[in-house]
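Student: Got a structure for you, structure15.pdb, holding PDB, C-alpha atoms.
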MODEL        1
ATOM      1  CA  MET V 765      -4.553   6.215 -13.484
ATOM      2  CA  SER V 766      -8.016   6.691 -14.943
ATOM      3  CA  ASP V 767     -11.293   4.966 -14.147
ATOM      4  CA  GLN V 768     -11.247   3.448 -17.622
ATOM      5  CA  GLU V 769      -8.159   1.303 -17.145
ATOM      6  CA  ASP V 770      -8.687  -2.404 -17.552
ATOM      7  CA  TYR V 771      -7.189  -3.357 -14.221
ATOM      8  CA  VAL V 772      -6.292  -1.852 -10.876
ATOM      9  CA  SER V 773      -2.558  -1.263 -10.462
ATOM     10  CA  ILE V 774      -0.964  -1.360  -7.043
ATOM     11  CA  ILE V 775       2.432  -1.181  -5.384
ATOM     12  CA  THR V 776       2.249  -2.560  -1.879
ATOM     13  CA  VAL V 777       4.620  -1.525   0.856
ATOM     14  CA  PRO V 778       6.283  -4.762   2.034
ATOM     15  CA  GLY V 779       4.404  -6.259   4.929
ATOM     16  CA  GLU V 780       1.767  -3.549   5.062
ATOM     17  CA  ILE V 781      -1.548  -5.244   4.481
ATOM     18  CA  GLY V 782      -4.697  -5.347   6.575
ATOM     19  CA  VAL V 783      -7.112  -8.289   6.687
ATOM     20  CA  THR V 784     -10.300  -9.396   8.394
ATOM     21  CA  PRO V 785      -9.932 -12.449  10.683
ATOM     22  CA  ASP V 786     -11.452 -14.755   8.053
ATOM     23  CA  LEU V 787      -9.225 -13.358   5.260
ATOM     24  CA  GLY V 788     -12.389 -12.410   3.356
ATOM     25  CA  ARG V 789     -11.187  -8.839   2.853
ATOM     26  CA  VAL V 790      -7.709  -7.450   2.441
ATOM     27  CA  ALA V 791      -6.603  -3.816   2.384
ATOM     28  CA  LEU V 792      -3.564  -2.698   0.377
ATOM     29  CA  THR V 793      -1.973   0.745   0.124
ATOM     30  CA  ASP V 794       0.559   2.868  -1.817
ATOM     31  CA  TRP V 795      -1.137   2.744  -5.163
ATOM     32  CA  GLY V 796       0.936   3.737  -8.196
ATOM     33  CA  GLY V 797       0.836   6.994 -10.119
ATOM     34  CA  ASP V 798       0.611  10.539  -8.857
ATOM     35  CA  PHE V 799      -1.872   9.820  -6.100
ATOM     36  CA  SER V 800      -2.262   7.575  -3.081
ATOM     37  CA  ALA V 801      -5.206   5.343  -2.254
ATOM     38  CA  ILE V 802      -6.322   2.329  -0.275
ATOM     39  CA  GLY V 803      -7.812  -0.693  -1.958
ATOM     40  CA  VAL V 804     -10.197  -2.826   0.081
ATOM     41  CA  CYS V 805     -10.538  -6.100  -1.815
ATOM     42  CA  ASP V 806     -13.518  -8.378  -1.238
ATOM     43  CA  LEU V 807     -12.161 -11.757  -2.278
ATOM     44  CA  GLN V 808     -15.525 -13.507  -2.343
ATOM     45  CA  ALA V 809     -17.291 -10.821  -4.367
ATOM     46  CA  GLY V 810     -14.298 -10.292  -6.656
ATOM     47  CA  SER V 811     -14.401  -6.536  -6.187
ATOM     48  CA  VAL V 812     -12.204  -3.767  -4.807
ATOM     49  CA  GLU V 813     -13.242  -0.461  -3.304
ATOM     50  CA  VAL V 814     -10.585   2.081  -4.283
ATOM     51  CA  LEU V 815     -10.499   4.859  -1.682
ATOM     52  CA  GLN V 816      -8.658   7.690  -3.398
ATOM     53  CA  ALA V 817      -7.391  10.508  -1.175
ATOM     54  CA  ASN V 818      -8.825  13.921  -1.996
ATOM     55  CA  ARG V 819      -5.389  15.496  -1.565
ATOM     56  CA  LYS V 820      -1.841  14.276  -1.988
ATOM     57  CA  ALA V 821      -0.871  12.185   1.007
ATOM     58  CA  GLY V 822       1.059   8.983   1.548
ATOM     59  CA  LEU V 823      -1.349   6.382   2.940
ATOM     60  CA  ARG V 824       0.248   3.583   4.966
ATOM     61  CA  MET V 825      -0.321   0.713   7.387
ATOM     62  CA  PRO V 826      -4.004  -0.175   6.864
ATOM     63  CA  ALA V 827      -5.982  -2.128   9.464
ATOM     64  CA  LEU V 828      -9.478  -3.515   8.939
ATOM     65  CA  ALA V 829     -12.081  -3.800  11.674
ATOM     66  CA  PRO V 830     -13.274  -7.389  12.242
ATOM     67  CA  ASP V 831     -16.481  -6.769  10.248
ATOM     68  CA  GLY V 832     -14.502  -5.250   7.374
ATOM     69  CA  GLU V 833     -16.629  -2.113   7.267
ATOM     70  CA  THR V 834     -14.153   0.305   8.876
ATOM     71  CA  ILE V 835     -10.516   0.928   8.086
ATOM     72  CA  ALA V 836      -7.794   2.584  10.132
ATOM     73  CA  PHE V 837      -4.662   3.898   8.434
ATOM     74  CA  THR V 838      -1.883   6.431   8.741
ATOM     75  CA  ALA V 839      -1.432   9.345   6.339
ATOM     76  CA  GLN V 840       1.452  11.719   5.706
ATOM     77  CA  PRO V 841       0.622  14.936   3.789
ATOM     78  CA  MET V 842       2.917  15.713   0.855
ATOM     79  CA  ASP V 843       4.490  18.627   2.705
ATOM     80  CA  PRO V 844       8.286  18.811   3.306
ATOM     81  CA  LYS V 845       7.617  20.442   6.683
ATOM     82  CA  LEU V 846       5.739  17.333   7.812
ATOM     83  CA  ASP V 847       8.221  14.736   6.545
ATOM     84  CA  GLY V 848       8.083  11.618   8.698
ATOM     85  CA  LEU V 849       4.867  12.581  10.507
ATOM     86  CA  TYR V 850       1.870  10.287  10.015
ATOM     87  CA  SER V 851      -1.572  11.121  11.384
ATOM     88  CA  LEU V 852      -4.024   8.360  12.333
ATOM     89  CA  TYR V 853      -7.377   8.166  10.540
ATOM     90  CA  LEU V 854     -10.561   6.125  10.690
ATOM     91  CA  ALA V 855     -12.843   5.847   7.657
ATOM     92  CA  PRO V 856     -15.680   3.775   6.158
ATOM     93  CA  ALA V 857     -14.248   0.974   4.037
ATOM     94  CA  ARG V 858     -16.399   2.154   1.126
ATOM     95  CA  GLY V 859     -15.136   5.731   1.136
ATOM     96  CA  GLY V 860     -16.345   9.005   2.614
ATOM     97  CA  ASP V 861     -15.072  11.273   5.346
ATOM     98  CA  ALA V 862     -11.941  10.113   7.143
ATOM     99  CA  ARG V 863     -11.926  11.064  10.827
ATOM    100  CA  ARG V 864      -8.600  11.963  12.383
ATOM    101  CA  ILE V 865      -8.173  10.337  15.798
ATOM    102  CA  GLY V 866      -5.564  10.542  18.531
ATOM    103  CA  GLY V 867      -3.736  13.543  19.892
ATOM    104  CA  ARG V 868      -0.115  12.686  19.014
ATOM    105  CA  ALA V 869       1.906  13.925  16.059
ATOM    106  CA  ASN V 870       3.008  10.554  14.684
ATOM    107  CA  TYR V 871       1.441   7.073  14.535
ATOM    108  CA  ARG V 872       2.410   3.621  13.283
ATOM    109  CA  ALA V 873       0.907   0.135  12.920
ATOM    110  CA  PRO V 874      -2.722   0.365  14.119
ATOM    111  CA  SER V 875      -4.722  -2.779  14.918
ATOM    112  CA  PHE V 876      -8.322  -3.303  16.008
ATOM    113  CA  SER V 877      -9.592  -5.076  19.095
ATOM    114  CA  SER V 878     -11.816  -8.120  18.523
ATOM    115  CA  ASP V 879     -14.966  -6.053  19.162
ATOM    116  CA  GLY V 880     -13.810  -3.238  16.874
ATOM    117  CA  GLY V 881     -14.174  -0.659  19.631
ATOM    118  CA  ARG V 882     -10.499   0.049  20.329
ATOM    119  CA  ILE V 883      -7.295   0.560  18.403
ATOM    120  CA  LEU V 884      -3.805  -0.423  19.526
ATOM    121  CA  VAL V 885      -1.091   1.702  17.917
ATOM    122  CA  PHE V 886       2.398   3.155  18.309
ATOM    123  CA  ALA V 887       2.278   6.909  19.006
ATOM    124  CA  GLY V 888       4.994   9.550  19.178
ATOM    125  CA  ASP V 889       5.436  13.292  19.410
ATOM    126  CA  LYS V 890       8.045  13.813  16.708
ATOM    127  CA  ALA V 891       8.868  12.465  13.286
ATOM    128  CA  TYR V 892      11.953  10.480  14.206
ATOM    129  CA  GLY V 893      12.019   9.361  17.804
ATOM    130  CA  PRO V 894      10.620   6.906  20.337
ATOM    131  CA  PHE V 895       7.044   5.601  20.265
ATOM    132  CA  GLN V 896       4.726   4.659  23.099
ATOM    133  CA  LEU V 897       2.258   1.819  22.745
ATOM    134  CA  VAL V 898      -1.195   3.315  23.280
ATOM    135  CA  GLU V 899      -4.811   2.206  23.125
ATOM    136  CA  ILE V 900      -7.515   4.495  21.742
ATOM    137  CA  ASP V 901     -11.164   4.035  22.728
ATOM    138  CA  LEU V 902     -13.132   4.830  19.592
ATOM    139  CA  ASN V 903     -16.282   5.826  21.485
ATOM    140  CA  SER V 904     -14.734   8.290  23.922
ATOM    141  CA  GLY V 905     -11.563   9.124  21.997
ATOM    142  CA  ALA V 906      -9.498   8.536  25.151
ATOM    143  CA  GLU V 907      -5.892   7.546  24.513
ATOM    144  CA  THR V 908      -4.142   5.488  27.184
ATOM    145  CA  ALA V 909      -0.510   4.390  27.276
ATOM    146  CA  VAL V 910      -0.322   0.614  27.687
ATOM    147  CA  TRP V 911       3.166   0.835  29.196
ATOM    148  CA  SER V 912       5.066   3.845  30.517
ATOM    149  CA  GLY V 913       8.194   3.064  28.467
ATOM    150  CA  THR V 914       8.867   3.442  24.756
ATOM    151  CA  PHE V 915       9.787   1.472  21.636
ATOM    152  CA  ASP V 916      11.882   2.289  18.596
ATOM    153  CA  GLY V 917      10.781   1.619  15.047
ATOM    154  CA  GLY V 918       7.697  -0.487  15.799
ATOM    155  CA  SER V 919       5.953  -2.017  12.771
ATOM    156  CA  VAL V 920       3.329  -4.474  14.136
ATOM    157  CA  THR V 921       0.812  -4.295  16.994
ATOM    158  CA  ALA V 922      -1.727  -6.974  17.914
ATOM    159  CA  TYR V 923      -4.248  -7.720  20.630
ATOM    160  CA  ASP V 924      -3.996 -11.127  22.222
ATOM    161  CA  PRO V 925      -7.312 -12.784  21.216
ATOM    162  CA  THR V 926      -7.543 -14.438  24.648
ATOM    163  CA  GLY V 927      -7.689 -10.986  26.242
ATOM    164  CA  ALA V 928      -4.339 -11.520  27.940
ATOM    165  CA  GLY V 929      -2.537  -8.381  26.868
ATOM    166  CA  TYR V 930      -0.810  -7.176  23.727
ATOM    167  CA  TRP V 931       1.890  -8.129  21.226
ATOM    168  CA  VAL V 932       4.284  -5.937  19.250
ATOM    169  CA  TYR V 933       7.083  -6.214  16.744
ATOM    170  CA  ALA V 934       9.445  -3.374  17.596
ATOM    171  CA  GLY V 935      12.977  -2.418  18.497
ATOM    172  CA  GLY V 936      14.796  -0.891  21.421
ATOM    173  CA  PRO V 937      12.408  -1.069  24.393
ATOM    174  CA  ALA V 938      13.351   1.672  26.848
ATOM    175  CA  ALA V 939      11.907   2.121  30.328
ATOM    176  CA  SER V 940      11.529   5.894  29.922
ATOM    177  CA  LEU V 941      11.673   8.680  27.366
ATOM    178  CA  GLU V 942      14.976   9.819  28.816
ATOM    179  CA  GLU V 943      16.473   6.375  28.321
ATOM    180  CA  ALA V 944      15.091   6.203  24.789
ATOM    181  CA  ASN V 945      16.810   9.463  23.891
ATOM    182  CA  ASN V 946      20.130   7.924  24.956
ATOM    183  CA  SER V 947      21.033   5.798  21.947
ATOM    184  CA  SER V 948      23.682   3.862  23.877
ATOM    185  CA  ALA V 949      21.003   2.588  26.263
ATOM    186  CA  LEU V 950      18.796   1.082  23.556
ATOM    187  CA  ASP V 951      18.866  -2.568  22.616
ATOM    188  CA  ASN V 952      20.956  -2.683  19.424
ATOM    189  CA  GLY V 953      20.249  -6.311  18.641
ATOM    190  CA  THR V 954      22.555  -7.912  21.185
ATOM    191  CA  LYS V 955      19.861  -8.595  23.782
ATOM    192  CA  ASN V 956      16.455  -9.296  22.280
ATOM    193  CA  GLY V 957      17.065  -8.577  18.617
ATOM    194  CA  SER V 958      16.223  -5.267  17.015
ATOM    195  CA  PRO V 959      13.453  -5.295  16.119
ATOM    196  CA  GLY V 960      12.060  -8.100  18.235
ATOM    197  CA  ILE V 961       8.783  -9.689  19.304
ATOM    198  CA  PHE V 962       7.474  -8.596  22.698
ATOM    199  CA  ARG V 963       4.455  -9.476  24.787
ATOM    200  CA  ILE V 964       2.794  -7.227  27.362
ATOM    201  CA  LEU V 965       0.603  -9.391  29.553
ATOM    202  CA  ARG V 966      -1.491  -6.561  30.957
ATOM    203  CA  GLU V 967      -1.618  -2.798  30.979
ATOM    204  CA  GLY V 968       1.345  -1.363  32.866
ATOM    205  CA  ASP V 969       3.578  -4.436  32.503
ATOM    206  CA  ALA V 970       7.030  -4.149  30.997
ATOM    207  CA  PRO V 971       7.428  -5.942  27.635
ATOM    208  CA  ARG V 972       8.655  -9.523  27.721
ATOM    209  CA  PRO V 973      10.772 -10.747  24.757
ATOM    210  CA  PHE V 974       9.362 -13.728  22.872
ATOM    211  CA  ALA V 975      11.108 -16.300  20.658
ATOM    212  CA  VAL V 976      14.527 -14.803  21.346
ATOM    213  CA  ASN V 977      16.281 -18.106  20.645
ATOM    214  CA  LEU V 978      14.649 -18.700  17.269
ATOM    215  CA  GLY V 979      17.212 -17.893  14.571
ATOM    216  CA  GLY V 980      16.508 -16.673  11.057
ATOM    217  CA  GLY V 981      15.184 -13.167  11.561
ATOM    218  CA  TRP V 982      11.589 -14.096  12.268
ATOM    219  CA  GLY V 983       8.982 -11.337  12.626
ATOM    220  CA  LEU V 984       5.483 -11.141  14.075
ATOM    221  CA  ALA V 985       2.696 -11.799  11.552
ATOM    222  CA  GLY V 986      -0.260 -12.377  13.883
ATOM    223  CA  VAL V 987      -1.618 -14.035  16.988
ATOM    224  CA  THR V 988      -4.186 -16.837  17.348
ATOM    225  CA  ASN V 989      -5.857 -18.203  20.466
ATOM    226  CA  ASP V 990      -3.156 -20.776  21.063
ATOM    227  CA  GLU V 991      -0.144 -19.733  19.055
ATOM    228  CA  VAL V 992       1.868 -16.815  17.700
ATOM    229  CA  VAL V 993       2.328 -16.547  13.950
ATOM    230  CA  LEU V 994       5.886 -15.813  12.868
ATOM    231  CA  SER V 995       7.182 -15.032   9.396
ATOM    232  CA  THR V 996      10.538 -14.625   7.735
ATOM    233  CA  ALA V 997      11.677 -13.905   4.198
ATOM    234  CA  ALA V 998      14.951 -14.631   2.424
ATOM    235  CA  LEU V 999      15.861 -14.798  -1.249
ATOM    236  CA  GLU V1000      17.238 -18.293  -0.799
ATOM    237  CA  THR V1001      14.186 -19.798   0.880
ATOM    238  CA  GLY V1002      11.313 -17.465  -0.024
ATOM    239  CA  LEU V1003       8.733 -16.588   2.578
ATOM    240  CA  ARG V1004       8.115 -18.928   5.492
ATOM    241  CA  ALA V1005       5.499 -18.893   8.196
ATOM    242  CA  ALA V1006       5.623 -20.788  11.464
ATOM    243  CA  LEU V1007       3.449 -21.172  14.511
ATOM    244  CA  MET V1008       4.981 -20.996  17.960
ATOM    245  CA  ASN V1009       2.950 -21.912  21.015
ATOM    246  CA  ARG V1010       3.128 -20.069  24.311
ATOM    247  CA  GLN V1011       5.738 -22.579  25.512
ATOM    248  CA  GLY V1012       8.139 -21.667  22.701
ATOM    249  CA  GLU V1013       7.612 -24.778  20.545
ATOM    250  CA  ALA V1014       7.576 -23.960  16.812
ATOM    251  CA  ARG V1015       6.268 -25.802  13.769
ATOM    252  CA  LEU V1016       6.457 -24.811  10.116
ATOM    253  CA  LEU V1017       3.122 -23.592   8.828
ATOM    254  CA  TRP V1018       3.751 -22.653   5.218
ATOM    255  CA  ARG V1019       6.540 -21.777   2.827
ATOM    256  CA  SER V1020       6.454 -20.023  -0.548
ATOM    257  CA  PRO V1021       7.008 -22.405  -3.460
ATOM    258  CA  ARG V1022       9.689 -20.228  -5.090
ATOM    259  CA  GLY V1023      12.366 -18.267  -3.272
ATOM    260  CA  SER V1024      12.483 -15.599  -5.986
ATOM    261  CA  GLU V1025       8.812 -14.698  -5.498
ATOM    262  CA  ILE V1026       8.707 -13.125  -2.057
ATOM    263  CA  PRO V1027       5.247 -11.651  -1.474
ATOM    264  CA  SER V1028       4.860  -8.016  -0.455
ATOM    265  CA  GLY V1029       2.639  -8.995   2.453
ATOM    266  CA  MET V1030       1.372 -11.988   4.373
ATOM    267  CA  ALA V1031      -1.434 -12.670   6.834
ATOM    268  CA  VAL V1032      -2.854 -15.741   8.553
ATOM    269  CA  SER V1033      -6.507 -16.443   9.348
ATOM    270  CA  ALA V1034      -7.664 -16.394  12.956
ATOM    271  CA  ASP V1035      -8.005 -20.190  12.955
ATOM    272  CA  ALA V1036      -4.469 -20.550  11.473
ATOM    273  CA  LYS V1037      -5.792 -22.776   8.677
ATOM    274  CA  ARG V1038      -5.167 -20.374   5.788
ATOM    275  CA  VAL V1039      -2.362 -18.064   4.700
ATOM    276  CA  LEU V1040      -2.878 -15.054   2.439
ATOM    277  CA  THR V1041      -0.107 -13.505   0.374
ATOM    278  CA  ALA V1042      -0.155 -10.423  -1.865
ATOM    279  CA  ARG V1043       2.659  -9.929  -4.365
ATOM    280  CA  MET V1044       3.606  -7.919  -7.411
ATOM    281  CA  LEU V1045       3.748  -9.825 -10.684
ATOM    282  CA  LYS V1046       6.889  -9.987 -12.836
ATOM    283  CA  ASP V1047       7.421 -10.725 -16.519
ATOM    284  CA  ASP V1048       9.858 -13.340 -17.818
ATOM    285  CA  ALA V1049      12.682 -10.802 -17.622
ATOM    286  CA  GLY V1050      12.008 -10.136 -13.954
ATOM    287  CA  LYS V1051      10.488  -6.687 -14.490
ATOM    288  CA  PHE V1052       7.559  -5.736 -12.270
ATOM    289  CA  LEU V1053       4.276  -5.398 -14.166
ATOM    290  CA  ASP V1054       2.527  -2.997 -11.732
ATOM    291  CA  ARG V1055      -0.087  -5.701 -11.253
ATOM    292  CA  TYR V1056      -0.530  -8.029  -8.331
ATOM    293  CA  ASP V1057      -2.117 -11.243  -7.217
ATOM    294  CA  ILE V1058      -3.644 -12.331  -3.940
ATOM    295  CA  VAL V1059      -3.349 -16.018  -3.127
ATOM    296  CA  VAL V1060      -4.944 -17.900  -0.232
ATOM    297  CA  PHE V1061      -3.237 -21.171   0.696
ATOM    298  CA  GLU V1062      -4.326 -23.991   2.924
ATOM    299  CA  THR V1063      -1.641 -24.279   5.558
ATOM    300  CA  GLY V1064       0.558 -27.332   5.390
ATOM    301  CA  SER V1065       3.549 -28.789   7.174
ATOM    302  CA  GLY V1066       6.763 -28.221   5.262
ATOM    303  CA  GLU V1067       4.990 -27.717   1.918
ATOM    304  CA  SER V1068       3.564 -24.703   0.158
ATOM    305  CA  GLY V1069       0.038 -25.874   0.877
ATOM    306  CA  ARG V1070      -2.915 -26.304  -1.468
ATOM    307  CA  ILE V1071      -4.084 -23.117  -3.201
ATOM    308  CA  LEU V1072      -7.646 -22.350  -2.123
ATOM    309  CA  SER V1073      -8.123 -19.212  -4.196
ATOM    310  CA  LYS V1074      -6.159 -16.855  -6.421
ATOM    311  CA  VAL V1075      -7.215 -13.385  -7.502
ATOM    312  CA  LEU V1076      -5.377 -11.232 -10.033
ATOM    313  CA  SER V1077      -5.788  -7.466 -10.075
ATOM    314  CA  SER V1078      -7.369  -7.742 -13.525
ATOM    315  CA  ASP V1079     -10.067 -10.014 -12.057
ATOM    316  CA  LEU V1080     -11.361  -7.399  -9.619
ATOM    317  CA  ARG V1081     -14.216  -5.044 -10.426
ATOM    318  CA  ALA V1082     -13.078  -1.662  -9.159
ATOM    319  CA  THR V1083     -15.357   1.019  -7.715
ATOM    320  CA  TYR V1084     -13.761   4.392  -6.982
ATOM    321  CA  HIS V1085     -14.656   6.504  -3.967
ATOM    322  CA  ASP V1086     -13.378   9.785  -2.580
ATOM    323  CA  LEU V1087     -11.496   9.480   0.697
ATOM    324  CA  ARG V1088     -11.768  12.923   2.239
ATOM    325  CA  LEU V1089      -8.899  13.651   4.619
ATOM    326  CA  ALA V1090      -9.492  16.457   7.109
TER     327      ALA V1090
ENDMDL
END
Re-express the file's structure as structure tokens.

Tutor:
Amino acid sequence: MSDQEDYVSIITVPGEIGVTPDLGRVALTDWGGDFSAIGVCDLQAGSVEVLQANRKAGLRMPALAPDGETIAFTAQPMDPKLDGLYSLYLAPARGGDARRIGGRANYRAPSFSSDGGRILVFAGDKAYGPFQLVEIDLNSGAETAVWSGTFDGGSVTAYDPTGAGYWVYAGGPAASLEEANNSSALDNGTKNGSPGIFRILREGDAPRPFAVNLGGGWGLAGVTNDEVVLSTAALETGLRAALMNRQGEARLLWRSPRGSEIPSGMAVSADAKRVLTARMLKDDAGKFLDRYDIVVFETGSGESGRILSKVLSSDLRATYHDLRLA
């Protein structure tokens, strides 16, 4: 892709988007072509900062700091010897030097604390194996395990905005590394679901399963002060979002208007009043166009909700920056 193209093309990894709490900025990864980049879209300004990696590497799982000025992401070098290993990086949202953080070999699903000073993330020591949930202090660089056990295949981490612990979407909680290495000991979906939603009330606590009786394959999309945001996707019903309070009572928040148009990612604002979706566009024959739209909906009850804003990739003014990976 050249700088002269009329629009910015993108292929988002399903579910992998990063947003600021007000949904003013959204980060998307896995850009098409022979390179990888991160796009940080400013929805109010109608612009996108394209952070293009200075060497071939698969960029994944972006997370934006609350002020939108810093981005965390994972990167896998295009090297067969490092297949499955993703390093954790921190970089300015407008490009520049990316700083590698953390001392583990493999990371997944970073998220920022409300003050932007810490990152919650899954960390492991090999490409395919158990992950610990750790917290990294960005000032000191110290990495602390939140719980002594491990998870399997985690894809979402989140701080509880009330300060009461952490949330994850992951599979197979195991009390120790030894237990995790014994596949017969892991939860295979018969106990809590695999993956499942878990809450850790404070550092050192064992994970507590959440919403285990809610059918339909719901996943964790975010956490607000009062409620947990759940999402599920199915070809028959499209994408749905629901809010569940701490007592386990759920209410439908939003549903996609067409079941055949499942977005590649979804996020909810901190006040739970708006839902953002990012999806690839298709032509009349159902072929993907390598273009996308970002839509912000007002949340409703049982309806798709009123569209507050809609941005197509061709509407964004793109500025390209080097993203220098160490």

Student: Name every residue that the PyMOL selection byres ((chain V and resi 902-918) around 6) selects in this structure, writing the answer as an mmCIF file with C-alpha atoms, keeping the file's coordinate frame with chains first and numbers rising.

Tutor:
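Okay, this is what ended up in part_19.cif:
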data_model
loop_
_atom_site.group_PDB
_atom_site.id
_atom_site.type_symbol
_atom_site.label_atom_id
_atom_site.label_comp_id
_atom_site.auth_asym_id
_atom_site.auth_seq_id
_atom_site.Cartn_x
_atom_site.Cartn_y
_atom_site.Cartn_z
ATOM 1 C CA GLY V 881 -14.174 -0.659 19.631
ATOM 2 C CA ARG V 882 -10.499 0.049 20.329
ATOM 3 C CA PRO V 894 10.620 6.906 20.337
ATOM 4 C CA PHE V 895 7.044 5.601 20.265
ATOM 5 C CA GLN V 896 4.726 4.659 23.099
ATOM 6 C CA LEU V 897 2.258 1.819 22.745
ATOM 7 C CA VAL V 898 -1.195 3.315 23.280
ATOM 8 C CA GLU V 899 -4.811 2.206 23.125
ATOM 9 C CA ILE V 900 -7.515 4.495 21.742
ATOM 10 C CA ASP V 901 -11.164 4.035 22.728
ATOM 11 C CA SER V 919 5.953 -2.017 12.771
ATOM 12 C CA TYR V 933 7.083 -6.214 16.744
ATOM 13 C CA ALA V 934 9.445 -3.374 17.596
ATOM 14 C CA GLY V 935 12.977 -2.418 18.497
ATOM 15 C CA GLY V 936 14.796 -0.891 21.421
ATOM 16 C CA PRO V 937 12.408 -1.069 24.393
ATOM 17 C CA ALA V 938 13.351 1.672 26.848
ATOM 18 C CA ALA V 939 11.907 2.121 30.328
ATOM 19 C CA SER V 940 11.529 5.894 29.922
ATOM 20 C CA GLU V 967 -1.618 -2.798 30.979
ATOM 21 C CA GLY V 968 1.345 -1.363 32.866
#

Student: Please measure the separation of atom CA of V:Asp794 and atom CA of V:Arg1019, giving the value in Å to one decimal.

Tutor: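 Atom CA of V:Arg1019 lies 25.8 Å from atom CA of V:Asp794.
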
Student: Return the single residue from V:Arg972, V:Arg863, V:Lys1074, V:Arg819 that is closest to V:Ala836, with distances computed using all atoms listed in the file.

Tutor: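 Nearest to V:Ala836: V:Arg863.
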
Student: Report, in Å to a single decimal, how far apart atom CA of V:Gly893 and atom CA of V:Arg864 are.

Tutor: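 Separation of atom CA of V:Arg864 and atom CA of V:Gly893: 21.5 Å.
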
Student: Please measure the separation of atom CA of V:Thr988 and atom CA of V:Asp786, giving the value in Å to one decimal.

Tutor: 12.0 Å

Student: Determine, counting all atoms listed in the file, which protein, DNA and RNA residues have an atom within 8 Å of an atom of V:Leu787; residues of the same chain fewer than 6 positions away are not included. Present the result as a PyMOL selection string.

Tutor: chain V and resi 1031-1033+1040

Student: Give as a ChimeraX atom specification the residues that the PyMOL selection byres ((chain V and resi 1082-1089) around 12) matches when applied to the coordinates above.

Tutor: /V:765-773,799-806,809-823,835,837-841,851-865,1077-1081,1090

Student: Rank nothing, just name the residue among V:Gly929, V:Gly866, V:Gly832, V:Pro826 nearest to V:Gly880, using all atoms listed in the file.

Tutor: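 Nearest candidate to V:Gly880 out of V:Gly929, V:Gly866, V:Gly832, V:Pro826: V:Gly832.
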
Student: Specify as a PyMOL selection string each residue included when the PyMOL selection byres ((chain V and resi 973) around 6) is applied to this file.

Tutor: chain V and resi 961-962+972+974

Student: Can you write out the residues you just picked, keeping C-alpha atoms, as a PDB file, in the frame of the given file?

Tutor:
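Written file, part30.pdb:
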ATOM      1  CA  ILE V 961       8.783  -9.689  19.304  1.00  0.00           C
ATOM      2  CA  PHE V 962       7.474  -8.596  22.698  1.00  0.00           C
ATOM      3  CA  ARG V 972       8.655  -9.523  27.721  1.00  0.00           C
ATOM      4  CA  PHE V 974       9.362 -13.728  22.872  1.00  0.00           C
TER       5      PHE V 974
END

Student: Choose the residue, out of V:Val932, V:Trp982, V:Tyr892, V:Ala1006, that has the smallest atom-to-atom separation from V:Thr1063; count all atoms listed in the file.

Tutor: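 For V:Thr1063, the nearest of the candidates is V:Ala1006.
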
Student: Could you tell me, as a PyMOL selection string, which residues have any atom at most 12 Å from (-11.3, -16.2, 14.5), counting all atoms listed in the file?

Tutor: chain V and resi 783-788+830-831+878-879+924-926+986-990+1032-1038

Student: My list of candidates is V:Leu984, V:Leu807, V:Ala970, V:Leu1007. Which is closest to V:Ser1073 when distances are computed with all atoms listed in the file?

Tutor: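 Residue with the minimum atom-to-atom distance to V:Ser1073: V:Leu807.
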
Student: Which residue gives the smallest distance to V:Tyr923 among V:Leu884, V:Val1039, V:Leu1045, V:Leu941, with all atoms listed in the file counted?

Tutor: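 Under the stated criterion, the closest residue is V:Leu884.
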